[in-house]
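S.K.: Hey, dropping protein.cif in here, mmCIF, C-alpha atoms:
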data_protein
loop_
_atom_site.label_atom_id
_atom_site.label_comp_id
_atom_site.auth_asym_id
_atom_site.auth_seq_id
_atom_site.Cartn_x
_atom_site.Cartn_y
_atom_site.Cartn_z
CA MET A 1 166.31 110.69 101.76
CA GLU A 2 166.05 113.38 104.42
CA VAL A 3 162.55 114.23 105.61
CA THR A 4 161.03 116.18 108.47
CA ILE A 5 157.90 114.68 109.96
CA THR A 6 156.04 116.22 112.87
CA VAL A 7 154.80 113.46 115.13
CA ASN A 8 152.60 114.34 118.11
CA GLY A 9 153.79 117.94 117.93
CA THR A 10 157.53 117.19 117.75
CA ALA A 11 159.43 117.67 114.46
CA HIS A 12 161.79 114.80 113.61
CA THR A 13 164.38 115.07 110.84
CA LEU A 14 165.18 111.58 109.61
CA ASP A 15 167.17 109.93 106.85
CA ILE A 16 164.91 107.18 105.51
CA GLU A 17 164.66 104.89 102.51
CA PRO A 18 161.78 105.81 100.16
CA ARG A 19 160.37 102.28 100.40
CA GLU A 20 159.93 102.46 104.18
CA LEU A 21 156.24 102.67 105.02
CA LEU A 22 155.07 105.30 107.46
CA VAL A 23 154.25 102.58 110.01
CA HIS A 24 157.90 101.40 109.89
CA VAL A 25 159.16 104.93 110.36
CA LEU A 26 156.94 105.40 113.41
CA ARG A 27 157.67 102.03 115.01
CA GLU A 28 161.28 101.41 114.05
CA GLU A 29 162.86 104.84 113.62
CA LEU A 30 160.90 106.70 116.30
CA ARG A 31 160.13 103.69 118.53
CA LEU A 32 156.48 104.68 118.78
CA THR A 33 155.10 101.14 118.95
CA GLY A 34 151.56 102.14 119.88
CA THR A 35 150.77 102.08 116.16
CA HIS A 36 150.28 98.40 115.39
CA ILE A 37 150.83 96.27 112.31
CA GLY A 38 147.92 93.89 111.83
CA CYS A 39 147.16 92.67 108.33
CA ASP A 40 149.85 94.76 106.58
CA SER A 41 147.51 94.78 103.56
CA THR A 42 145.24 97.84 103.98
CA SER A 43 142.40 95.82 105.47
CA CYS A 44 142.41 95.98 109.28
CA GLY A 45 143.12 99.55 110.41
CA ALA A 46 145.41 98.58 113.33
CA CYS A 47 148.05 100.96 111.89
CA THR A 48 145.66 103.96 111.71
CA VAL A 49 147.24 107.36 112.40
CA LEU A 50 146.01 110.90 111.83
CA TYR A 51 147.67 112.44 108.76
CA ASP A 52 147.16 116.20 108.99
CA GLY A 53 144.12 115.33 111.11
CA THR A 54 142.66 112.69 108.78
CA PRO A 55 142.72 108.98 109.67
CA VAL A 56 144.73 106.86 107.23
CA LYS A 57 146.33 103.42 107.24
CA SER A 58 150.04 104.00 107.84
CA CYS A 59 150.95 100.66 106.21
CA THR A 60 149.74 102.15 102.92
CA VAL A 61 151.62 105.47 102.94
CA PHE A 62 155.36 105.83 102.38
CA GLY A 63 157.29 107.62 105.12
CA VAL A 64 158.73 110.05 102.56
CA GLN A 65 155.20 111.17 101.67
CA ALA A 66 154.80 112.43 105.24
CA ASP A 67 157.61 114.98 104.80
CA GLY A 68 156.19 118.24 106.19
CA ILE A 69 153.00 116.52 107.42
CA GLU A 70 151.68 116.43 111.00
CA ILE A 71 151.09 112.92 112.26
CA THR A 72 149.21 112.00 115.42
CA THR A 73 149.66 108.53 116.88
CA VAL A 74 147.97 107.01 119.93
CA GLU A 75 150.93 108.20 122.04
CA GLY A 76 149.87 111.75 121.15
CA LEU A 77 146.51 111.37 122.89
CA LEU A 78 148.02 111.38 126.39
CA THR A 79 148.41 114.88 127.79
CA ALA A 80 150.11 116.28 130.86
CA ALA A 81 146.67 116.30 132.45
CA GLY A 82 146.35 112.54 131.93
CA LEU A 83 144.24 110.39 129.62
CA ASP A 84 142.44 111.95 126.69
CA PRO A 85 138.62 111.75 127.15
CA MET A 86 138.60 109.18 124.33
CA GLN A 87 141.08 106.98 126.21
CA ALA A 88 139.16 107.45 129.46
CA ALA A 89 135.91 106.48 127.73
CA PHE A 90 137.44 103.29 126.27
CA LYS A 91 138.67 102.39 129.76
CA GLU A 92 135.36 103.22 131.44
CA HIS A 93 133.15 101.39 128.90
CA HIS A 94 135.44 98.40 128.38
CA GLY A 95 135.94 99.37 124.74
CA LEU A 96 138.88 97.02 124.43
CA GLN A 97 139.88 93.51 125.31
CA CYS A 98 143.24 92.59 123.78
CA GLY A 99 143.95 96.20 122.79
CA PHE A 100 145.38 95.50 119.36
CA CYS A 101 142.83 97.52 117.36
CA THR A 102 142.39 100.15 120.08
CA PRO A 103 144.87 102.81 118.91
CA GLY A 104 143.19 102.92 115.50
CA MET A 105 139.69 102.88 116.95
CA MET A 106 140.46 105.79 119.30
CA LEU A 107 142.07 107.91 116.59
CA VAL A 108 139.13 107.35 114.22
CA GLY A 109 136.86 108.22 117.15
CA LYS A 110 138.79 111.44 117.84
CA CYS A 111 138.44 112.58 114.24
CA LEU A 112 134.74 111.61 114.13
CA ILE A 113 133.67 113.54 117.24
CA GLU A 114 135.55 116.61 116.07
CA GLN A 115 133.43 116.65 112.90
CA ASN A 116 130.24 115.23 114.40
CA PRO A 117 129.89 116.13 118.10
CA ALA A 118 126.90 113.79 118.70
CA PRO A 119 127.31 110.73 116.46
CA SER A 120 124.52 108.16 116.25
CA ASP A 121 125.22 104.41 116.43
CA ASP A 122 125.21 104.29 112.64
CA ASP A 123 127.56 107.27 112.36
CA VAL A 124 130.08 105.54 114.62
CA ARG A 125 129.72 102.21 112.86
CA ASP A 126 130.25 103.90 109.48
CA ALA A 127 133.34 105.74 110.74
CA ILE A 128 135.00 102.58 112.13
CA GLY A 129 134.16 100.59 108.98
CA GLY A 130 137.85 100.39 108.09
CA ASN A 131 138.95 99.13 111.51
CA ILE A 132 138.57 95.51 112.51
CA CYS A 133 138.19 94.31 116.13
CA ARG A 134 138.30 90.57 116.74
CA CYS A 135 137.47 90.58 120.49
CA THR A 136 134.60 92.73 121.63
CA GLY A 137 132.05 92.68 118.85
CA TYR A 138 132.11 96.47 118.55
CA MET A 139 129.26 97.20 121.01
CA ASN A 140 131.47 98.75 123.66
CA ILE A 141 133.65 100.51 121.12
CA VAL A 142 130.56 102.32 119.81
CA LYS A 143 129.49 103.13 123.39
CA ALA A 144 132.94 104.43 124.28
CA ILE A 145 133.16 106.76 121.28
CA GLN A 146 129.67 108.12 122.02
CA ALA A 147 130.58 108.60 125.68
CA ALA A 148 133.70 110.54 124.68
CA ALA A 149 131.52 112.70 122.41
CA ALA A 150 129.11 113.41 125.29
CA GLN A 151 132.05 114.22 127.55
CA GLN A 152 133.44 116.61 124.91
CA GLN A 153 130.07 118.36 124.58
CA ALA A 154 129.68 118.71 128.35
CA ALA A 155 133.19 120.18 128.59
CA SER A 156 132.50 122.72 125.84
CA THR A 157 129.12 123.88 127.18
CA PRO A 158 129.76 127.23 128.87
CA THR A 159 128.85 127.38 132.54
CA PRO A 160 126.07 129.96 133.15
CA ALA A 161 127.40 133.12 134.70
CA ASN A 162 127.19 133.20 138.53
CA ALA A 163 125.72 129.70 138.61
CA MET B 164 156.22 93.96 103.87
CA LEU B 165 158.68 96.18 102.08
CA PRO B 166 158.42 96.92 98.36
CA SER B 167 161.51 96.81 96.13
CA SER B 168 163.69 99.89 96.30
CA PHE B 169 162.75 102.83 94.13
CA GLU B 170 163.70 106.43 93.62
CA TYR B 171 161.16 108.94 94.89
CA HIS B 172 160.28 112.18 93.07
CA ARG B 173 157.93 114.86 94.33
CA PRO B 174 157.17 117.44 91.65
CA THR B 175 155.17 120.51 92.69
CA THR B 176 153.89 121.49 89.24
CA ILE B 177 152.29 119.59 86.36
CA ASP B 178 155.13 120.64 84.03
CA GLU B 179 157.73 119.25 86.41
CA ALA B 180 155.77 115.97 86.62
CA LEU B 181 155.50 115.75 82.82
CA ASP B 182 159.26 116.34 82.45
CA LEU B 183 159.93 113.50 84.88
CA LEU B 184 157.50 111.14 83.11
CA ALA B 185 159.02 112.00 79.73
CA SER B 186 162.58 111.29 80.88
CA LEU B 187 161.87 108.23 83.06
CA GLY B 188 159.52 106.50 80.60
CA ASP B 189 158.35 102.99 81.42
CA ASP B 190 160.42 102.82 84.63
CA ALA B 191 158.15 105.30 86.43
CA LYS B 192 154.73 105.03 88.02
CA VAL B 193 152.61 107.94 89.21
CA LEU B 194 151.78 107.82 92.93
CA ALA B 195 148.43 109.44 93.77
CA GLY B 196 146.43 108.03 96.72
CA GLY B 197 148.54 104.89 96.70
CA GLN B 198 145.72 102.70 98.02
CA SER B 199 146.08 100.20 95.17
CA LEU B 200 149.64 100.89 93.99
CA ILE B 201 151.32 100.55 97.39
CA PRO B 202 149.67 97.16 98.18
CA MET B 203 150.69 95.97 94.67
CA MET B 204 154.28 97.09 95.34
CA LYS B 205 154.33 95.42 98.76
CA LEU B 206 153.23 92.16 97.12
CA ARG B 207 155.89 92.76 94.43
CA PHE B 208 153.28 92.61 91.67
CA ALA B 209 154.61 96.05 90.77
CA ALA B 210 158.24 97.12 91.15
CA PRO B 211 158.67 100.52 89.49
CA ALA B 212 162.19 101.95 89.62
CA HIS B 213 160.79 105.47 90.08
CA LEU B 214 157.71 106.86 91.78
CA VAL B 215 156.44 110.29 90.80
CA ASP B 216 154.35 111.51 93.75
CA ILE B 217 151.78 114.02 92.45
CA ASN B 218 150.15 114.74 95.83
CA ARG B 219 151.86 118.14 96.23
CA ILE B 220 150.79 119.48 92.83
CA GLU B 221 148.29 122.30 93.34
CA GLY B 222 145.07 122.51 91.35
CA LEU B 223 144.46 118.81 90.69
CA ASP B 224 141.79 118.42 93.36
CA ALA B 225 138.93 120.63 92.15
CA ILE B 226 135.33 119.57 91.56
CA GLU B 227 133.67 122.22 89.38
CA GLU B 228 131.23 122.84 86.57
CA ALA B 229 132.20 124.76 83.44
CA ASP B 230 130.66 125.03 79.96
CA GLY B 231 127.96 122.44 80.61
CA GLU B 232 130.44 119.92 81.99
CA LEU B 233 131.49 118.54 85.35
CA HIS B 234 135.26 118.50 85.86
CA ILE B 235 136.74 116.28 88.55
CA GLY B 236 140.47 116.74 89.21
CA ALA B 237 142.63 113.62 89.19
CA LEU B 238 143.56 114.04 92.87
CA VAL B 239 139.98 114.28 94.17
CA ARG B 240 139.72 111.77 97.04
CA HIS B 241 136.73 109.45 97.28
CA ASN B 242 135.62 111.08 100.54
CA GLN B 243 135.85 114.50 98.88
CA LEU B 244 133.46 113.26 96.17
CA ALA B 245 131.17 111.77 98.82
CA GLY B 246 131.05 115.07 100.73
CA SER B 247 130.75 117.43 97.75
CA GLU B 248 127.60 119.56 97.72
CA LEU B 249 127.76 119.90 93.94
CA ILE B 250 127.94 116.12 93.47
CA GLY B 251 125.23 115.54 96.10
CA SER B 252 122.83 118.00 94.51
CA LYS B 253 123.31 117.17 90.83
CA TYR B 254 125.14 113.89 90.23
CA PRO B 255 123.19 111.18 92.08
CA LEU B 256 125.06 108.24 90.52
CA ILE B 257 128.46 109.50 91.72
CA ALA B 258 126.98 110.55 95.06
CA ALA B 259 125.63 107.02 95.58
CA ALA B 260 128.87 105.30 94.57
CA ALA B 261 131.51 107.38 96.37
CA PRO B 262 130.62 106.39 99.96
CA GLN B 263 130.55 102.71 98.96
CA ILE B 264 134.14 102.59 97.70
CA ALA B 265 136.50 100.49 99.87
CA ASP B 266 136.38 101.70 103.52
CA PRO B 267 136.42 105.17 105.13
CA LEU B 268 140.18 105.22 105.72
CA VAL B 269 140.99 104.15 102.16
CA ARG B 270 138.51 106.77 100.89
CA ASN B 271 140.49 109.47 102.73
CA LEU B 272 143.45 108.85 100.39
CA GLY B 273 142.21 107.02 97.29
CA THR B 274 141.73 109.25 94.23
CA ILE B 275 139.54 109.16 91.13
CA GLY B 276 142.55 109.40 88.79
CA GLY B 277 144.35 106.55 90.50
CA SER B 278 141.26 104.40 90.65
CA LEU B 279 140.53 104.75 86.92
CA THR B 280 144.15 104.31 85.82
CA HIS B 281 144.46 101.17 87.96
CA CYS B 282 141.76 99.55 85.76
CA ASP B 283 140.70 96.99 88.34
CA PRO B 284 137.55 95.27 87.02
CA SER B 285 136.29 95.41 90.63
CA GLY B 286 136.78 99.17 90.74
CA ASP B 287 133.57 101.06 91.44
CA LEU B 288 134.41 104.31 89.65
CA GLY B 289 135.13 102.53 86.36
CA ALA B 290 131.52 101.34 86.12
CA VAL B 291 130.22 104.74 87.26
CA MET B 292 132.23 106.59 84.61
CA LEU B 293 131.19 104.14 81.88
CA ALA B 294 127.54 104.74 82.76
CA ALA B 295 128.19 108.50 82.81
CA ASN B 296 129.94 108.51 79.40
CA ALA B 297 132.91 110.24 81.02
CA ARG B 298 136.13 111.27 79.29
CA VAL B 299 139.58 111.56 80.83
CA VAL B 300 142.09 114.29 80.03
CA LEU B 301 145.64 112.98 79.51
CA LYS B 302 148.51 115.46 79.45
CA SER B 303 152.06 115.03 78.24
CA LYS B 304 154.89 117.31 77.14
CA ASP B 305 153.56 116.90 73.60
CA GLY B 306 150.11 118.22 74.45
CA GLU B 307 146.77 117.06 75.72
CA ARG B 308 144.20 114.53 74.54
CA GLU B 309 140.75 113.56 75.69
CA VAL B 310 139.90 109.86 75.76
CA PRO B 311 136.47 108.32 76.41
CA VAL B 312 136.48 106.06 79.47
CA THR B 313 135.29 103.22 77.21
CA GLU B 314 138.71 103.36 75.51
CA PHE B 315 140.68 104.31 78.59
CA LEU B 316 139.69 101.15 80.51
CA ALA B 317 141.50 99.03 77.93
CA ASP B 318 142.04 95.74 79.74
CA THR B 319 142.47 94.11 83.14
CA PHE B 320 144.79 96.40 85.14
CA GLN B 321 145.74 98.06 81.86
CA SER B 322 144.63 101.54 80.89
CA SER B 323 145.43 103.18 77.57
CA ILE B 324 147.58 105.87 79.21
CA ALA B 325 151.07 106.28 77.71
CA PRO B 326 154.10 106.25 80.05
CA ASN B 327 154.74 109.96 79.43
CA GLU B 328 151.14 110.99 80.20
CA LEU B 329 149.43 112.20 83.35
CA LEU B 330 145.67 111.94 83.89
CA THR B 331 144.69 115.44 85.03
CA LYS B 332 140.91 115.40 85.10
CA VAL B 333 137.68 113.53 84.38
CA ARG B 334 134.96 115.25 82.36
CA ILE B 335 131.24 114.48 82.32
CA THR B 336 128.49 116.27 80.41
CA SER B 337 126.17 117.87 83.00
CA PRO B 338 122.61 116.51 82.97
CA THR B 339 119.69 118.65 81.88
CA GLY B 340 115.97 118.26 82.41
CA ALA B 341 114.74 115.38 84.56
CA TYR B 342 117.30 112.75 85.46
CA GLY B 343 118.27 110.17 88.05
CA GLY B 344 120.98 107.67 88.80
CA THR B 345 122.26 105.30 91.45
CA TYR B 346 124.89 102.69 92.35
CA LEU B 347 123.89 99.38 93.86
CA LYS B 348 126.69 97.28 95.35
CA LEU B 349 126.54 93.78 96.78
CA GLU B 350 129.50 93.17 99.09
CA ARG B 351 130.20 90.69 101.87
CA LYS B 352 131.58 93.34 104.20
CA ILE B 353 132.83 96.93 104.09
CA GLY B 354 136.12 97.10 102.26
CA ASP B 355 135.68 93.85 100.34
CA TYR B 356 135.56 93.89 96.56
CA ALA B 357 132.04 93.95 95.14
CA THR B 358 130.44 90.57 94.49
CA VAL B 359 128.45 92.48 91.88
CA ALA B 360 127.76 96.19 91.51
CA VAL B 361 125.74 98.14 88.97
CA ALA B 362 125.77 101.83 88.01
CA THR B 363 122.62 103.18 86.33
CA ARG B 364 121.68 106.58 84.97
CA LEU B 365 118.60 107.88 83.10
CA MET B 366 117.87 111.26 81.55
CA MET B 367 114.31 111.96 80.40
CA SER B 368 113.24 113.81 77.29
CA ASN B 369 109.55 114.59 76.61
CA GLY B 370 108.28 111.65 78.67
CA SER B 371 110.59 109.07 77.16
CA ILE B 372 114.15 108.09 77.97
CA GLY B 373 116.55 110.48 76.24
CA ALA B 374 119.80 108.95 77.48
CA ALA B 375 120.68 105.87 79.53
CA GLY B 376 123.90 104.61 81.09
CA ILE B 377 124.66 101.21 82.63
CA GLY B 378 128.06 100.15 84.00
CA LEU B 379 128.93 96.83 85.65
CA THR B 380 131.53 96.03 88.33
CA SER B 381 133.25 92.72 89.17
CA VAL B 382 131.58 90.68 86.43
CA GLY B 383 134.24 90.54 83.73
CA LEU B 384 137.85 91.21 82.81
CA THR B 385 137.11 94.95 82.86
CA ASN B 386 134.26 97.13 84.03
CA ILE B 387 131.57 96.59 81.40
CA LYS B 388 129.34 99.15 79.67
CA ALA B 389 126.07 97.36 78.92
CA THR B 390 125.50 99.06 75.57
CA ALA B 391 122.76 96.73 74.24
CA ALA B 392 120.73 97.40 77.37
CA GLU B 393 121.36 101.15 77.08
CA ASP B 394 120.26 101.14 73.41
CA ALA B 395 117.09 99.25 74.26
CA LEU B 396 116.10 101.96 76.75
CA VAL B 397 116.61 105.07 74.64
CA GLY B 398 113.46 106.48 73.05
CA GLN B 399 111.15 104.29 75.15
CA ALA B 400 108.77 105.22 77.94
CA PRO B 401 109.92 103.83 81.32
CA SER B 402 108.08 100.66 82.37
CA ARG B 403 108.60 97.52 84.44
CA GLU B 404 108.77 95.42 81.29
CA LEU B 405 111.35 97.69 79.68
CA PHE B 406 113.57 97.66 82.78
CA ALA B 407 113.24 93.87 83.02
CA GLU B 408 114.38 93.58 79.40
CA ALA B 409 117.33 95.90 80.06
CA GLY B 410 118.25 93.74 83.08
CA GLN B 411 118.32 90.63 80.89
CA LEU B 412 120.42 92.35 78.22
CA ALA B 413 122.91 93.59 80.81
CA ALA B 414 123.14 90.13 82.40
CA ALA B 415 123.90 88.71 78.95
CA ALA B 416 126.72 91.26 78.56
CA ALA B 417 128.30 90.23 81.88
CA SER B 418 130.87 87.44 82.01
CA PRO B 419 131.36 86.72 85.70
CA VAL B 420 133.40 83.83 87.08
CA GLY B 421 132.36 81.80 90.10
CA ASP B 422 134.52 82.33 93.18
CA VAL B 423 134.31 82.54 96.96
CA ARG B 424 131.85 85.45 96.62
CA GLY B 425 129.30 83.54 94.54
CA SER B 426 128.70 81.32 91.54
CA GLU B 427 128.73 82.53 87.98
CA GLN B 428 124.96 82.00 87.77
CA TYR B 429 124.28 83.91 91.00
CA LYS B 430 126.37 86.89 89.92
CA ARG B 431 124.71 87.04 86.53
CA HIS B 432 121.30 86.92 88.20
CA MET B 433 122.28 89.75 90.55
CA VAL B 434 123.30 91.88 87.57
CA GLU B 435 119.78 91.43 86.19
CA VAL B 436 118.15 92.25 89.54
CA TYR B 437 120.36 95.28 90.21
CA VAL B 438 119.94 96.74 86.72
CA ARG B 439 116.15 96.46 87.06
CA ARG B 440 116.21 97.92 90.55
CA GLY B 441 118.72 100.65 89.67
CA LEU B 442 116.74 101.77 86.63
CA THR B 443 113.53 101.82 88.65
CA ARG B 444 115.17 103.99 91.30
CA SER B 445 116.72 106.26 88.65
CA ALA B 446 113.31 106.71 86.98
CA GLU B 447 111.72 107.53 90.35
CA MET B 448 114.33 110.23 90.90
CA ALA B 449 113.59 111.62 87.46
CA GLY B 450 109.90 111.71 88.39
CA ALA B 451 109.15 109.27 85.60
CA ALA B 452 108.08 106.15 87.49
#
Take the structure in the file and write it out as structure tokens.
M.R.:
Amino acid sequence: MEVTITVNGTAHTLDIEPRELLVHVLREELRLTGTHIGCDSTSCGACTVLYDGTPVKSCTVFGVQADGIEITTVEGLLTAAGLDPMQAAFKEHHGLQCGFCTPGMMLVGKCLIEQNPAPSDDDVRDAIGGNICRCTGYMNIVKAIQAAAAQQQAASTPTPANA
Amino acid sequence: MLPSSFEYHRPTTIDEALDLLASLGDDAKVLAGGQSLIPMMKLRFAAPAHLVDINRIEGLDAIEEADGELHIGALVRHNQLAGSELIGSKYPLIAAAAPQIADPLVRNLGTIGGSLTHCDPSGDLGAVMLAANARVVLKSKDGEREVPVTEFLADTFQSSIAPNELLTKVRITSPTGAYGGTYLKLERKIGDYATVAVATRLMMSNGSIGAAGIGLTSVGLTNIKATAAEDALVGQAPSRELFAEAGQLAAAAASPVGDVRGSEQYKRHMVEVYVRRGLTRSAEMAGAA
């Protein structure tokens, strides 16, 4: 079946089988292997992508459903200017160890701080409730997402005129 | 894990979907949020030859009040329910349950229609809708019928929907006067099935209980409506003793099985505790405690 999926701003027209899951389309057809397969059973969140801006588990969506949808993967965070503030914050605050859950954590974080520019500890912990990390114990992930939020707020605060 | 091969259909109107369901019959399944169906297909517990994806049909995702009723469209996502101002201001039982379903990512896709039609005895919305005396609207090419949720949740993973029907909305009578409700869920971790969960709802009438609803999750082959406990409450003034009695009646209606989440005895006890606690909280909300 022919579908057109926009991934990280680029439209891709692909001929895929209906039973292929979105995570397969991303990893195997488009070779975007930053989206990981962890549990493959809707439990761990390693395959999280943004689906028209909303975080979902790409192992539990068929690729054909994404026809006409905009998908953002972790590869889409990097800009010409370098790391996204979320990526920089994870690096700075040691928000990762093995890195397997990190793409999902950062994408959930991106969506959270767009909706809630100053999330509390509980807000962050609620938001990442569908993403499992088996290394760091979450402390630094929470710190990193809050640091990225602070960075985003500082960047959007207008500089006083003639300061 | 790949499911078996299937043919994919994406109707954009209800009529188109009903035509497909009528012609494909038993070989088709409706795909809504997919958060239960897709895992079942990956495990090959389900292998439909056709999937009818209803996600692009307009007008199935409204939450609105009309003629003294709340209407929830079949495609309303759990997070949409959790964030709805109307639900938050007037339907405390649903407002309490929605943010406790599965995990935040699953709630972004999972729908009320899918959840009810899946008929998982561990499903949260089944118990909520039993306590709320909800009805579902089922449409087919032959017309439309309204079925009480008590009948709709027919058996384990088996609703009473016919292969040619589409669930289009859920209807609940809007509360009047003083009322309260809540959903208490015991779970080992976010995203796990409930060990036990209890939906409670009370509506007051001249100082006594005018209507009561109690639904149970994960303690039987289906979600259970604790009717003996509900009957015992109606017409009485709220009290600790009354709520304790209702808790015992609800625990007697439960038929849990012991598993990794807890023993049969523990689960039954938690039903009693949660019914008592839920009713107390509901009465407090109604200003009757």
S.K.: To test your reading of the syntax: which residues would the PyMOL selection byres ((chain B) within 6 of (chain A)) return for the file shown? Reply as a ChimeraX atom specification.
M.R.: /B:168,201,266-268
S.K.: Run the PyMOL selection byres ((chain A and resi 135-149) around 9) on the file and write out the hits as a ChimeraX atom specification.
M.R.: /A:85-99,102,105-106,109-110,112-114,116-121,124-125,128,132-134,150-154
S.K.: Write a file of the selected residues as a PDB file, in the frame of the given file, keeping C-alpha atoms.
M.R.:
ATOM      1  CA  PRO A  85     138.620 111.750 127.150  1.00  0.00           C
ATOM      2  CA  MET A  86     138.600 109.180 124.330  1.00  0.00           C
ATOM      3  CA  GLN A  87     141.080 106.980 126.210  1.00  0.00           C
ATOM      4  CA  ALA A  88     139.160 107.450 129.460  1.00  0.00           C
ATOM      5  CA  ALA A  89     135.910 106.480 127.730  1.00  0.00           C
ATOM      6  CA  PHE A  90     137.440 103.290 126.270  1.00  0.00           C
ATOM      7  CA  LYS A  91     138.670 102.390 129.760  1.00  0.00           C
ATOM      8  CA  GLU A  92     135.360 103.220 131.440  1.00  0.00           C
ATOM      9  CA  HIS A  93     133.150 101.390 128.900  1.00  0.00           C
ATOM     10  CA  HIS A  94     135.440  98.400 128.380  1.00  0.00           C
ATOM     11  CA  GLY A  95     135.940  99.370 124.740  1.00  0.00           C
ATOM     12  CA  LEU A  96     138.880  97.020 124.430  1.00  0.00           C
ATOM     13  CA  GLN A  97     139.880  93.510 125.310  1.00  0.00           C
ATOM     14  CA  CYS A  98     143.240  92.590 123.780  1.00  0.00           C
ATOM     15  CA  GLY A  99     143.950  96.200 122.790  1.00  0.00           C
ATOM     16  CA  THR A 102     142.390 100.150 120.080  1.00  0.00           C
ATOM     17  CA  MET A 105     139.690 102.880 116.950  1.00  0.00           C
ATOM     18  CA  MET A 106     140.460 105.790 119.300  1.00  0.00           C
ATOM     19  CA  GLY A 109     136.860 108.220 117.150  1.00  0.00           C
ATOM     20  CA  LYS A 110     138.790 111.440 117.840  1.00  0.00           C
ATOM     21  CA  LEU A 112     134.740 111.610 114.130  1.00  0.00           C
ATOM     22  CA  ILE A 113     133.670 113.540 117.240  1.00  0.00           C
ATOM     23  CA  GLU A 114     135.550 116.610 116.070  1.00  0.00           C
ATOM     24  CA  ASN A 116     130.240 115.230 114.400  1.00  0.00           C
ATOM     25  CA  PRO A 117     129.890 116.130 118.100  1.00  0.00           C
ATOM     26  CA  ALA A 118     126.900 113.790 118.700  1.00  0.00           C
ATOM     27  CA  PRO A 119     127.310 110.730 116.460  1.00  0.00           C
ATOM     28  CA  SER A 120     124.520 108.160 116.250  1.00  0.00           C
ATOM     29  CA  ASP A 121     125.220 104.410 116.430  1.00  0.00           C
ATOM     30  CA  VAL A 124     130.080 105.540 114.620  1.00  0.00           C
ATOM     31  CA  ARG A 125     129.720 102.210 112.860  1.00  0.00           C
ATOM     32  CA  ILE A 128     135.000 102.580 112.130  1.00  0.00           C
ATOM     33  CA  ILE A 132     138.570  95.510 112.510  1.00  0.00           C
ATOM     34  CA  CYS A 133     138.190  94.310 116.130  1.00  0.00           C
ATOM     35  CA  ARG A 134     138.300  90.570 116.740  1.00  0.00           C
ATOM     36  CA  ALA A 150     129.110 113.410 125.290  1.00  0.00           C
ATOM     37  CA  GLN A 151     132.050 114.220 127.550  1.00  0.00           C
ATOM     38  CA  GLN A 152     133.440 116.610 124.910  1.00  0.00           C
ATOM     39  CA  GLN A 153     130.070 118.360 124.580  1.00  0.00           C
ATOM     40  CA  ALA A 154     129.680 118.710 128.350  1.00  0.00           C
TER      41      ALA A 154
END
S.K.: Take the PyMOL selection byres ((chain B and resi 206) around 10), run it mentally on this structure, and tell me the resulting residues as a VMD selection string.
M.R.: (chain A and resid 41) or (chain B and resid 164 to 167 200 to 205 207 to 210)
S.K.: Hey, what's within 12 Å of Asp182 of chain B if we count all atoms listed in the file and toss same-chain stuff fewer than 2 positions away? As number ranges by chain, please?
M.R.: B: 172, 174-180, 184-188, 191, 215, 302-305, 326-329
S.K.: Rank nothing, just name the residue among A:Asp52, A:Cys39, A:Arg31, A:Asn8 nearest to Val74 of chain A, using all atoms listed in the file.
M.R.: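 Ranking A:Asp52, A:Cys39, A:Arg31, A:Asn8 by distance to Val74 of chain A, first place goes to A:Asn8.
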S.K.: Please determine, counting all atoms listed in the file, which residue among B:Val300, B:Ala360, B:Val436, B:Leu330 has the shortest atom-to-atom distance to Leu181 of chain B.
M.R.: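 Once distances to Leu181 of chain B are computed over all atoms listed in the file, the minimum belongs to B:Leu330.
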S.K.: For Gln198 of chain B, which residue among B:Ala449, B:Ala237, B:Leu272, B:Ala374 is the nearest when counting all atoms listed in the file?
M.R.: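 Closest to Gln198 of chain B of all the choices is B:Leu272.
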S.K.: Between atom CA of Arg219 of chain B and atom CA of Arg173 of chain B, what distance in Å does the model show, to one decimal?
M.R.: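 Interatomic distance, atom CA of Arg219 of chain B to atom CA of Arg173 of chain B: 7.2 Å.
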S.K.: So which residues touch Lys348 of chain B within 10 Å, counting all atoms listed in the file, skipping near sequence neighbours fewer than 6 positions away, as a PyMOL selection string?
M.R.: chain B and resi 259-260+263-264+287+356-362+379-380+433+437
S.K.: Find the distance between atom CA of Gly236 of chain B and atom CA of Gly222 of chain B and write it in Å to one decimal.
M.R.: 7.7 Å
S.K.: Find, counting all atoms listed in the file, the residue in A:Ala66, A:Leu50, A:Ala155, A:Leu83 that gets nearest to Leu107 of chain A.
M.R.: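 Closest residue, counting all atoms listed in the file: A:Leu50.
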S.K.: Skip Leu301 of chain B itself and residues of its chain fewer than 5 positions away, then list as a PyMOL selection string all residues within 8 Å of it, counting all atoms listed in the file.
M.R.: chain B and resi 307-310+324+328-332
S.K.: In Å to one decimal, how far is atom CA of Ser278 of chain B from atom CA of Leu316 of chain B?
M.R.: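 Between atom CA of Leu316 of chain B and atom CA of Ser278 of chain B the gap works out to 10.8 Å.
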